[in-house]
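Presented below is the structure to which this report refers.
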Protein chains: 2
Amino acid sequence: MKQAGTLAACVLLTIAAIAGTPTASAQMDPERAERAAETRQALLRVMVWNFGPLAAMARDRIEFDAERVAINAGRLAALSKMLSDAFAADTRGHDLTTEALDVIWERPDAFAEKIRANMEASEALVAAAATGDEGAMTRAIGELGSTCGSCHDDFRVDD
Amino acid sequence: MKQAGTLAACVLLTIAAIAGTPTASAQMDPERAERAAETRQALLRVMVWNFGPLAAMARDRIEFDAERVAINAGRLAALSKMLSDAFAADTRGHDLTTEALDVIWERPDAFAEKIRANMEASEALVAAAATGDEGAMTRAIGELGSTCGSCHDDFRVDD
């Protein structure tokens, strides 16, 4: 009986080793993990699409357009609120094409704090856009960009 | 001179034939066209991510969650307003992995009408969610889904 128990333990360890997934996320269906990765990548792509022109305006690379700032600021505030849900699926241990680091799920409070900073900076940009003051908008764009960069520094694969 | 002119015309026609892009979109940088396709696909993926659970609730496949309906309805309304910008780049004639049909840019008014219907149905779902009435939400989810399907029928490659 002892041998049978040892064999069973070995089989389980071997399965775990092959799967390479000693964490809880091993329970997630691989297709679901892939969908989760694609979803969060899609969300970030839509965010970049909306933030890109604002960053270019703040850096004087394209003409400042206060109306566009107001529109995209509102979008970014809405998108920022989706980040938490988009990263809820713990995909650690899955074989994915992803820049998301495991530390996202290892230090969930620190990651949540980065999201909170992004949401607040988005709302601050919405408020700045409502004033119509170009300087205030430019500063708020910079501050929003900093929250993106700060999260990428800790939670995303280095470029 | 006439021969030189004919030769020049032939060269231009040959270039156009090789590029396979007789339309105005031939002017767009291929990388920009690819980014545009990726952006609209990302936007639609984020929309599907938010609509999927609501469709499942409306079909009794998962438990009805009025709070989730309200959250996702608000998101879908915000996302719907991005569709027009996301499809603004006319990528006809580019070699892209895309399900977007050329008719999107051939019949822009008809396409804009589909987007308008989607925006209105999203707002109607937001309103239904605010009432807290499950039946009203379920109907509004169905109506929103119909606007998605109606657009896909005409403007997306058949599955």
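Residues are referred to by chain and number: the chain letter is A, B, ... according to the order shown in the structure tokens, the number counts from 1 in that chain, and ligands are numbered separately from 1 in the order shown.
Within 8 Å of chain A, chain B contributes the residues Thr39, Gln41, Ala42, Leu43, Arg45, Val46, Trp49, Arg75, Ala78 and Leu79 of chain B, using only C-alpha atoms.
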For the residues selected in the previous step, produce a file with all heavy atoms as a PDB file, in the first residue's frame.
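Wrote again.pdb, looks like this:
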```
ATOM      1  N   THR B  39      -6.508  47.541 -34.112  1.00  0.00           N
ATOM      2  CA  THR B  39      -7.262  48.375 -33.167  1.00  0.00           C
ATOM      3  C   THR B  39      -8.745  48.053 -33.220  1.00  0.00           C
ATOM      4  O   THR B  39      -9.400  47.865 -32.189  1.00  0.00           O
ATOM      5  CB  THR B  39      -7.041  49.869 -33.473  1.00  0.00           C
ATOM      6  OG1 THR B  39      -5.665  50.175 -33.270  1.00  0.00           O
ATOM      7  CG2 THR B  39      -7.889  50.739 -32.578  1.00  0.00           C
ATOM      8  N   GLN B  41     -10.140  45.330 -34.262  1.00  0.00           N
ATOM      9  CA  GLN B  41     -10.349  43.971 -33.745  1.00  0.00           C
ATOM     10  C   GLN B  41     -10.286  43.964 -32.217  1.00  0.00           C
ATOM     11  O   GLN B  41     -11.056  43.268 -31.555  1.00  0.00           O
ATOM     12  CB  GLN B  41      -9.297  43.023 -34.332  1.00  0.00           C
ATOM     13  CG  GLN B  41      -9.593  42.675 -35.798  1.00  0.00           C
ATOM     14  CD  GLN B  41      -8.392  42.119 -36.555  1.00  0.00           C
ATOM     15  OE1 GLN B  41      -7.418  41.684 -35.950  1.00  0.00           O
ATOM     16  NE2 GLN B  41      -8.458  42.147 -37.877  1.00  0.00           N
ATOM     17  N   ALA B  42      -9.372  44.761 -31.666  1.00  0.00           N
ATOM     18  CA  ALA B  42      -9.249  44.849 -30.208  1.00  0.00           C
ATOM     19  C   ALA B  42     -10.522  45.443 -29.604  1.00  0.00           C
ATOM     20  O   ALA B  42     -11.041  44.936 -28.603  1.00  0.00           O
ATOM     21  CB  ALA B  42      -8.041  45.702 -29.840  1.00  0.00           C
ATOM     22  N   LEU B  43     -11.027  46.489 -30.224  1.00  0.00           N
ATOM     23  CA  LEU B  43     -12.247  47.116 -29.719  1.00  0.00           C
ATOM     24  C   LEU B  43     -13.405  46.115 -29.719  1.00  0.00           C
ATOM     25  O   LEU B  43     -14.138  45.984 -28.724  1.00  0.00           O
ATOM     26  CB  LEU B  43     -12.599  48.345 -30.571  1.00  0.00           C
ATOM     27  CG  LEU B  43     -13.907  49.045 -30.223  1.00  0.00           C
ATOM     28  CD1 LEU B  43     -13.912  49.534 -28.777  1.00  0.00           C
ATOM     29  CD2 LEU B  43     -14.152  50.224 -31.174  1.00  0.00           C
ATOM     30  N   ARG B  45     -13.198  42.910 -29.656  1.00  0.00           N
ATOM     31  CA  ARG B  45     -12.944  41.859 -28.670  1.00  0.00           C
ATOM     32  C   ARG B  45     -13.353  42.324 -27.270  1.00  0.00           C
ATOM     33  O   ARG B  45     -13.940  41.562 -26.498  1.00  0.00           O
ATOM     34  CB  ARG B  45     -11.468  41.473 -28.675  1.00  0.00           C
ATOM     35  CG  ARG B  45     -11.157  40.324 -27.743  1.00  0.00           C
ATOM     36  CD  ARG B  45      -9.690  39.937 -27.806  1.00  0.00           C
ATOM     37  NE  ARG B  45      -9.354  39.246 -29.029  1.00  0.00           N
ATOM     38  CZ  ARG B  45      -9.525  37.938 -29.229  1.00  0.00           C
ATOM     39  NH1 ARG B  45     -10.045  37.191 -28.272  1.00  0.00           N
ATOM     40  NH2 ARG B  45      -9.187  37.379 -30.362  1.00  0.00           N
ATOM     41  N   VAL B  46     -13.065  43.574 -26.954  1.00  0.00           N
ATOM     42  CA  VAL B  46     -13.455  44.106 -25.643  1.00  0.00           C
ATOM     43  C   VAL B  46     -14.986  44.185 -25.556  1.00  0.00           C
ATOM     44  O   VAL B  46     -15.571  43.930 -24.498  1.00  0.00           O
ATOM     45  CB  VAL B  46     -12.786  45.480 -25.370  1.00  0.00           C
ATOM     46  CG1 VAL B  46     -13.264  46.062 -24.054  1.00  0.00           C
ATOM     47  CG2 VAL B  46     -11.265  45.337 -25.347  1.00  0.00           C
ATOM     48  N   TRP B  49     -16.238  40.639 -24.985  1.00  0.00           N
ATOM     49  CA  TRP B  49     -15.925  40.263 -23.590  1.00  0.00           C
ATOM     50  C   TRP B  49     -17.003  40.795 -22.645  1.00  0.00           C
ATOM     51  O   TRP B  49     -17.410  40.107 -21.706  1.00  0.00           O
ATOM     52  CB  TRP B  49     -14.549  40.836 -23.236  1.00  0.00           C
ATOM     53  CG  TRP B  49     -14.135  40.731 -21.814  1.00  0.00           C
ATOM     54  CD1 TRP B  49     -14.048  39.602 -21.054  1.00  0.00           C
ATOM     55  CD2 TRP B  49     -13.715  41.814 -20.971  1.00  0.00           C
ATOM     56  NE1 TRP B  49     -13.593  39.926 -19.793  1.00  0.00           N
ATOM     57  CE2 TRP B  49     -13.383  41.266 -19.719  1.00  0.00           C
ATOM     58  CE3 TRP B  49     -13.569  43.197 -21.156  1.00  0.00           C
ATOM     59  CZ2 TRP B  49     -12.932  42.054 -18.656  1.00  0.00           C
ATOM     60  CZ3 TRP B  49     -13.112  43.970 -20.115  1.00  0.00           C
ATOM     61  CH2 TRP B  49     -12.802  43.400 -18.875  1.00  0.00           C
ATOM     62  N   ARG B  75     -20.332  50.003 -19.992  1.00  0.00           N
ATOM     63  CA  ARG B  75     -19.103  49.813 -20.772  1.00  0.00           C
ATOM     64  C   ARG B  75     -19.418  49.717 -22.263  1.00  0.00           C
ATOM     65  O   ARG B  75     -18.736  50.304 -23.101  1.00  0.00           O
ATOM     66  CB  ARG B  75     -18.413  48.522 -20.331  1.00  0.00           C
ATOM     67  CG  ARG B  75     -17.857  48.568 -18.921  1.00  0.00           C
ATOM     68  CD  ARG B  75     -17.295  47.205 -18.592  1.00  0.00           C
ATOM     69  NE  ARG B  75     -16.646  47.163 -17.303  1.00  0.00           N
ATOM     70  CZ  ARG B  75     -16.048  46.083 -16.807  1.00  0.00           C
ATOM     71  NH1 ARG B  75     -16.052  44.958 -17.506  1.00  0.00           N
ATOM     72  NH2 ARG B  75     -15.470  46.111 -15.624  1.00  0.00           N
ATOM     73  N   ALA B  78     -20.105  52.981 -23.827  1.00  0.00           N
ATOM     74  CA  ALA B  78     -18.868  53.745 -24.057  1.00  0.00           C
ATOM     75  C   ALA B  78     -18.093  53.185 -25.246  1.00  0.00           C
ATOM     76  O   ALA B  78     -17.569  53.934 -26.076  1.00  0.00           O
ATOM     77  CB  ALA B  78     -18.006  53.714 -22.795  1.00  0.00           C
ATOM     78  N   LEU B  79     -18.024  51.864 -25.333  1.00  0.00           N
ATOM     79  CA  LEU B  79     -17.274  51.218 -26.409  1.00  0.00           C
ATOM     80  C   LEU B  79     -17.930  51.447 -27.766  1.00  0.00           C
ATOM     81  O   LEU B  79     -17.253  51.659 -28.776  1.00  0.00           O
ATOM     82  CB  LEU B  79     -17.154  49.715 -26.122  1.00  0.00           C
ATOM     83  CG  LEU B  79     -16.315  49.339 -24.891  1.00  0.00           C
ATOM     84  CD1 LEU B  79     -16.609  47.905 -24.445  1.00  0.00           C
ATOM     85  CD2 LEU B  79     -14.820  49.525 -25.167  1.00  0.00           C
TER      86      LEU B  79
END
```
**OP:** Tell me which protein, DNA and RNA residues are within 12 Å of B:Ala129, counting only C-alpha atoms, leaving out same-chain ones fewer than 3 positions away, and put them as a PyMOL selection string.
**Re:** chain B and resi 54+64-74+122-126+132-141
**OP:** Apply DSSP to the structure's backbone, then extract all residues of stretch 21-109 of chain B labelled helix (DSSP H, G or I) and return them as a PyMOL selection string.
**Re:** chain B and resi 24-27+30-58+66-80+83-86+103-106+108-109
Fit chain A to chain B, using all C-alpha atoms paired in sequence order for the least-squares superposition, and then show me the result as a PDB file with C-alpha atoms, in the first residue's frame.
```
ATOM      1  CA  MET A   1       7.197  61.859 -76.394  1.00  0.00           C
ATOM      2  CA  LYS A   2       4.028  59.881 -76.981  1.00  0.00           C
ATOM      3  CA  GLN A   3       5.934  56.639 -76.349  1.00  0.00           C
ATOM      4  CA  ALA A   4       7.477  58.025 -73.178  1.00  0.00           C
ATOM      5  CA  GLY A   5       4.006  59.013 -71.954  1.00  0.00           C
ATOM      6  CA  THR A   6       2.655  55.552 -72.724  1.00  0.00           C
ATOM      7  CA  LEU A   7       5.584  53.965 -70.899  1.00  0.00           C
ATOM      8  CA  ALA A   8       4.979  56.151 -67.863  1.00  0.00           C
ATOM      9  CA  ALA A   9       1.295  55.184 -67.852  1.00  0.00           C
ATOM     10  CA  CYS A  10       2.245  51.504 -68.099  1.00  0.00           C
ATOM     11  CA  VAL A  11       4.669  51.800 -65.208  1.00  0.00           C
ATOM     12  CA  LEU A  12       1.997  53.417 -63.056  1.00  0.00           C
ATOM     13  CA  LEU A  13      -0.564  50.765 -64.016  1.00  0.00           C
ATOM     14  CA  THR A  14       1.947  48.018 -63.264  1.00  0.00           C
ATOM     15  CA  ILE A  15       2.752  49.507 -59.853  1.00  0.00           C
ATOM     16  CA  ALA A  16      -0.977  49.768 -59.108  1.00  0.00           C
ATOM     17  CA  ALA A  17      -1.513  46.153 -60.240  1.00  0.00           C
ATOM     18  CA  ILE A  18       1.345  44.862 -58.081  1.00  0.00           C
ATOM     19  CA  ALA A  19       0.071  46.750 -55.074  1.00  0.00           C
ATOM     20  CA  GLY A  20      -3.436  45.544 -55.873  1.00  0.00           C
ATOM     21  CA  THR A  21      -4.761  48.813 -54.529  1.00  0.00           C
ATOM     22  CA  PRO A  22      -6.595  50.910 -57.063  1.00  0.00           C
ATOM     23  CA  THR A  23      -8.455  52.816 -54.313  1.00  0.00           C
ATOM     24  CA  ALA A  24      -7.607  55.837 -52.255  1.00  0.00           C
ATOM     25  CA  SER A  25      -6.587  53.579 -49.401  1.00  0.00           C
ATOM     26  CA  ALA A  26      -3.489  52.709 -51.401  1.00  0.00           C
ATOM     27  CA  GLN A  27      -2.055  55.891 -49.931  1.00  0.00           C
ATOM     28  CA  MET A  28      -2.094  54.472 -46.399  1.00  0.00           C
ATOM     29  CA  ASP A  29       1.116  53.127 -44.965  1.00  0.00           C
ATOM     30  CA  PRO A  30       0.849  49.305 -44.661  1.00  0.00           C
ATOM     31  CA  GLU A  31       1.918  49.420 -41.000  1.00  0.00           C
ATOM     32  CA  ARG A  32      -0.744  51.993 -40.274  1.00  0.00           C
ATOM     33  CA  ALA A  33      -3.337  49.814 -42.000  1.00  0.00           C
ATOM     34  CA  GLU A  34      -2.288  46.842 -39.893  1.00  0.00           C
ATOM     35  CA  ARG A  35      -2.498  48.907 -36.711  1.00  0.00           C
ATOM     36  CA  ALA A  36      -5.953  50.102 -37.733  1.00  0.00           C
ATOM     37  CA  ALA A  37      -7.124  46.520 -38.268  1.00  0.00           C
ATOM     38  CA  GLU A  38      -5.659  45.438 -34.930  1.00  0.00           C
ATOM     39  CA  THR A  39      -7.296  48.355 -33.158  1.00  0.00           C
ATOM     40  CA  ARG A  40     -10.784  47.678 -34.470  1.00  0.00           C
ATOM     41  CA  GLN A  41     -10.374  43.962 -33.742  1.00  0.00           C
ATOM     42  CA  ALA A  42      -9.279  44.830 -30.202  1.00  0.00           C
ATOM     43  CA  LEU A  43     -12.272  47.100 -29.696  1.00  0.00           C
ATOM     44  CA  LEU A  44     -14.672  44.394 -30.885  1.00  0.00           C
ATOM     45  CA  ARG A  45     -12.972  41.851 -28.658  1.00  0.00           C
ATOM     46  CA  VAL A  46     -13.468  44.080 -25.620  1.00  0.00           C
ATOM     47  CA  MET A  47     -17.114  44.504 -26.650  1.00  0.00           C
ATOM     48  CA  VAL A  48     -17.608  40.733 -26.959  1.00  0.00           C
ATOM     49  CA  TRP A  49     -15.949  40.241 -23.579  1.00  0.00           C
ATOM     50  CA  ASN A  50     -18.511  42.550 -22.021  1.00  0.00           C
ATOM     51  CA  PHE A  51     -21.498  41.362 -24.012  1.00  0.00           C
ATOM     52  CA  GLY A  52     -20.858  37.609 -23.708  1.00  0.00           C
ATOM     53  CA  PRO A  53     -21.975  37.220 -20.082  1.00  0.00           C
ATOM     54  CA  LEU A  54     -25.091  39.317 -20.730  1.00  0.00           C
ATOM     55  CA  ALA A  55     -26.068  37.123 -23.697  1.00  0.00           C
ATOM     56  CA  ALA A  56     -25.512  34.050 -21.508  1.00  0.00           C
ATOM     57  CA  MET A  57     -27.780  35.546 -18.809  1.00  0.00           C
ATOM     58  CA  ALA A  58     -30.476  36.427 -21.333  1.00  0.00           C
ATOM     59  CA  ARG A  59     -30.405  32.794 -22.513  1.00  0.00           C
ATOM     60  CA  ASP A  60     -30.537  31.428 -18.953  1.00  0.00           C
ATOM     61  CA  ARG A  61     -27.138  29.813 -19.395  1.00  0.00           C
ATOM     62  CA  ILE A  62     -25.696  31.556 -16.347  1.00  0.00           C
ATOM     63  CA  GLU A  63     -27.357  33.131 -13.336  1.00  0.00           C
ATOM     64  CA  PHE A  64     -28.828  36.573 -13.902  1.00  0.00           C
ATOM     65  CA  ASP A  65     -26.783  39.288 -12.196  1.00  0.00           C
ATOM     66  CA  ALA A  66     -28.419  42.712 -12.447  1.00  0.00           C
ATOM     67  CA  GLU A  67     -25.332  44.477 -11.088  1.00  0.00           C
ATOM     68  CA  ARG A  68     -23.138  42.902 -13.774  1.00  0.00           C
ATOM     69  CA  VAL A  69     -25.682  43.869 -16.440  1.00  0.00           C
ATOM     70  CA  ALA A  70     -25.570  47.496 -15.289  1.00  0.00           C
ATOM     71  CA  ILE A  71     -21.760  47.593 -15.255  1.00  0.00           C
ATOM     72  CA  ASN A  72     -21.311  45.940 -18.645  1.00  0.00           C
ATOM     73  CA  ALA A  73     -24.136  47.957 -20.220  1.00  0.00           C
ATOM     74  CA  GLY A  74     -22.325  51.166 -19.282  1.00  0.00           C
ATOM     75  CA  ARG A  75     -19.107  49.793 -20.719  1.00  0.00           C
ATOM     76  CA  LEU A  76     -20.796  48.718 -23.950  1.00  0.00           C
ATOM     77  CA  ALA A  77     -22.342  52.163 -24.371  1.00  0.00           C
ATOM     78  CA  ALA A  78     -18.884  53.726 -24.000  1.00  0.00           C
ATOM     79  CA  LEU A  79     -17.282  51.204 -26.366  1.00  0.00           C
ATOM     80  CA  SER A  80     -20.014  51.571 -28.988  1.00  0.00           C
ATOM     81  CA  LYS A  81     -19.169  55.267 -29.276  1.00  0.00           C
ATOM     82  CA  MET A  82     -15.620  54.292 -30.318  1.00  0.00           C
ATOM     83  CA  LEU A  83     -16.722  52.171 -33.299  1.00  0.00           C
ATOM     84  CA  SER A  84     -16.937  55.021 -35.749  1.00  0.00           C
ATOM     85  CA  ASP A  85     -13.385  56.196 -35.041  1.00  0.00           C
ATOM     86  CA  ALA A  86     -12.080  52.631 -35.010  1.00  0.00           C
ATOM     87  CA  PHE A  87     -13.378  52.002 -38.533  1.00  0.00           C
ATOM     88  CA  ALA A  88     -12.466  55.430 -39.901  1.00  0.00           C
ATOM     89  CA  ALA A  89      -9.250  54.179 -41.493  1.00  0.00           C
ATOM     90  CA  ASP A  90     -10.119  52.830 -44.937  1.00  0.00           C
ATOM     91  CA  THR A  91      -7.882  49.767 -45.194  1.00  0.00           C
ATOM     92  CA  ARG A  92      -9.243  48.481 -48.527  1.00  0.00           C
ATOM     93  CA  GLY A  93      -6.599  46.974 -50.749  1.00  0.00           C
ATOM     94  CA  HIS A  94      -4.206  46.147 -47.929  1.00  0.00           C
ATOM     95  CA  ASP A  95      -3.109  42.593 -47.236  1.00  0.00           C
ATOM     96  CA  LEU A  96      -4.583  42.175 -43.767  1.00  0.00           C
ATOM     97  CA  THR A  97      -5.955  39.419 -41.580  1.00  0.00           C
ATOM     98  CA  THR A  98      -9.407  40.911 -41.267  1.00  0.00           C
ATOM     99  CA  GLU A  99     -13.081  40.004 -41.389  1.00  0.00           C
ATOM    100  CA  ALA A 100     -14.022  43.587 -42.268  1.00  0.00           C
ATOM    101  CA  LEU A 101     -15.606  43.742 -45.721  1.00  0.00           C
ATOM    102  CA  ASP A 102     -14.806  46.506 -48.215  1.00  0.00           C
ATOM    103  CA  VAL A 103     -18.478  47.472 -48.197  1.00  0.00           C
ATOM    104  CA  ILE A 104     -17.800  49.255 -44.872  1.00  0.00           C
ATOM    105  CA  TRP A 105     -16.034  51.988 -46.834  1.00  0.00           C
ATOM    106  CA  GLU A 106     -18.078  51.586 -50.009  1.00  0.00           C
ATOM    107  CA  ARG A 107     -21.355  52.297 -48.189  1.00  0.00           C
ATOM    108  CA  PRO A 108     -20.295  54.495 -45.277  1.00  0.00           C
ATOM    109  CA  ASP A 109     -23.813  55.793 -44.585  1.00  0.00           C
ATOM    110  CA  ALA A 110     -25.229  52.283 -44.254  1.00  0.00           C
ATOM    111  CA  PHE A 111     -22.365  51.337 -41.939  1.00  0.00           C
ATOM    112  CA  ALA A 112     -22.838  54.487 -39.848  1.00  0.00           C
ATOM    113  CA  GLU A 113     -26.498  53.557 -39.495  1.00  0.00           C
ATOM    114  CA  LYS A 114     -25.528  50.161 -38.039  1.00  0.00           C
ATOM    115  CA  ILE A 115     -23.243  51.867 -35.538  1.00  0.00           C
ATOM    116  CA  ARG A 116     -25.995  54.302 -34.617  1.00  0.00           C
ATOM    117  CA  ALA A 117     -28.366  51.369 -33.963  1.00  0.00           C
ATOM    118  CA  ASN A 118     -25.742  49.745 -31.734  1.00  0.00           C
ATOM    119  CA  MET A 119     -25.197  52.955 -29.763  1.00  0.00           C
ATOM    120  CA  GLU A 120     -28.929  53.411 -29.257  1.00  0.00           C
ATOM    121  CA  ALA A 121     -29.443  49.787 -28.189  1.00  0.00           C
ATOM    122  CA  SER A 122     -26.540  50.127 -25.720  1.00  0.00           C
ATOM    123  CA  GLU A 123     -28.111  53.220 -24.200  1.00  0.00           C
ATOM    124  CA  ALA A 124     -31.468  51.423 -24.050  1.00  0.00           C
ATOM    125  CA  LEU A 125     -29.783  48.615 -22.108  1.00  0.00           C
ATOM    126  CA  VAL A 126     -28.255  51.142 -19.709  1.00  0.00           C
ATOM    127  CA  ALA A 127     -31.760  52.562 -19.168  1.00  0.00           C
ATOM    128  CA  ALA A 128     -33.250  49.079 -18.710  1.00  0.00           C
ATOM    129  CA  ALA A 129     -30.545  48.195 -16.178  1.00  0.00           C
ATOM    130  CA  ALA A 130     -31.403  51.356 -14.241  1.00  0.00           C
ATOM    131  CA  THR A 131     -34.990  50.126 -13.807  1.00  0.00           C
ATOM    132  CA  GLY A 132     -33.781  46.906 -12.179  1.00  0.00           C
ATOM    133  CA  ASP A 133     -36.426  44.967 -14.128  1.00  0.00           C
ATOM    134  CA  GLU A 134     -35.011  41.627 -15.241  1.00  0.00           C
ATOM    135  CA  GLY A 135     -37.463  41.214 -18.121  1.00  0.00           C
ATOM    136  CA  ALA A 136     -36.673  44.657 -19.483  1.00  0.00           C
ATOM    137  CA  MET A 137     -32.938  43.942 -19.221  1.00  0.00           C
ATOM    138  CA  THR A 138     -33.293  40.589 -20.969  1.00  0.00           C
ATOM    139  CA  ARG A 139     -35.230  42.162 -23.833  1.00  0.00           C
ATOM    140  CA  ALA A 140     -32.719  45.004 -24.129  1.00  0.00           C
ATOM    141  CA  ILE A 141     -29.828  42.516 -24.196  1.00  0.00           C
ATOM    142  CA  GLY A 142     -31.552  40.681 -27.044  1.00  0.00           C
ATOM    143  CA  GLU A 143     -32.110  43.901 -28.949  1.00  0.00           C
ATOM    144  CA  LEU A 144     -28.509  44.948 -28.497  1.00  0.00           C
ATOM    145  CA  GLY A 145     -27.373  41.534 -29.724  1.00  0.00           C
ATOM    146  CA  SER A 146     -29.558  41.961 -32.806  1.00  0.00           C
ATOM    147  CA  THR A 147     -27.774  45.179 -33.735  1.00  0.00           C
ATOM    148  CA  CYS A 148     -24.432  43.337 -33.543  1.00  0.00           C
ATOM    149  CA  GLY A 149     -25.741  40.513 -35.732  1.00  0.00           C
ATOM    150  CA  SER A 150     -27.358  42.872 -38.208  1.00  0.00           C
ATOM    151  CA  CYS A 151     -24.055  44.666 -38.796  1.00  0.00           C
ATOM    152  CA  HIS A 152     -22.091  41.411 -39.032  1.00  0.00           C
ATOM    153  CA  ASP A 153     -24.563  40.105 -41.650  1.00  0.00           C
ATOM    154  CA  ASP A 154     -23.755  42.935 -44.034  1.00  0.00           C
ATOM    155  CA  PHE A 155     -20.284  44.123 -43.152  1.00  0.00           C
ATOM    156  CA  ARG A 156     -18.331  41.142 -41.838  1.00  0.00           C
ATOM    157  CA  VAL A 157     -17.006  38.026 -43.559  1.00  0.00           C
ATOM    158  CA  ASP A 158     -19.419  35.113 -42.999  1.00  0.00           C
ATOM    159  CA  ASP A 159     -18.216  32.701 -40.327  1.00  0.00           C
TER     160      ASP A 159
END
```
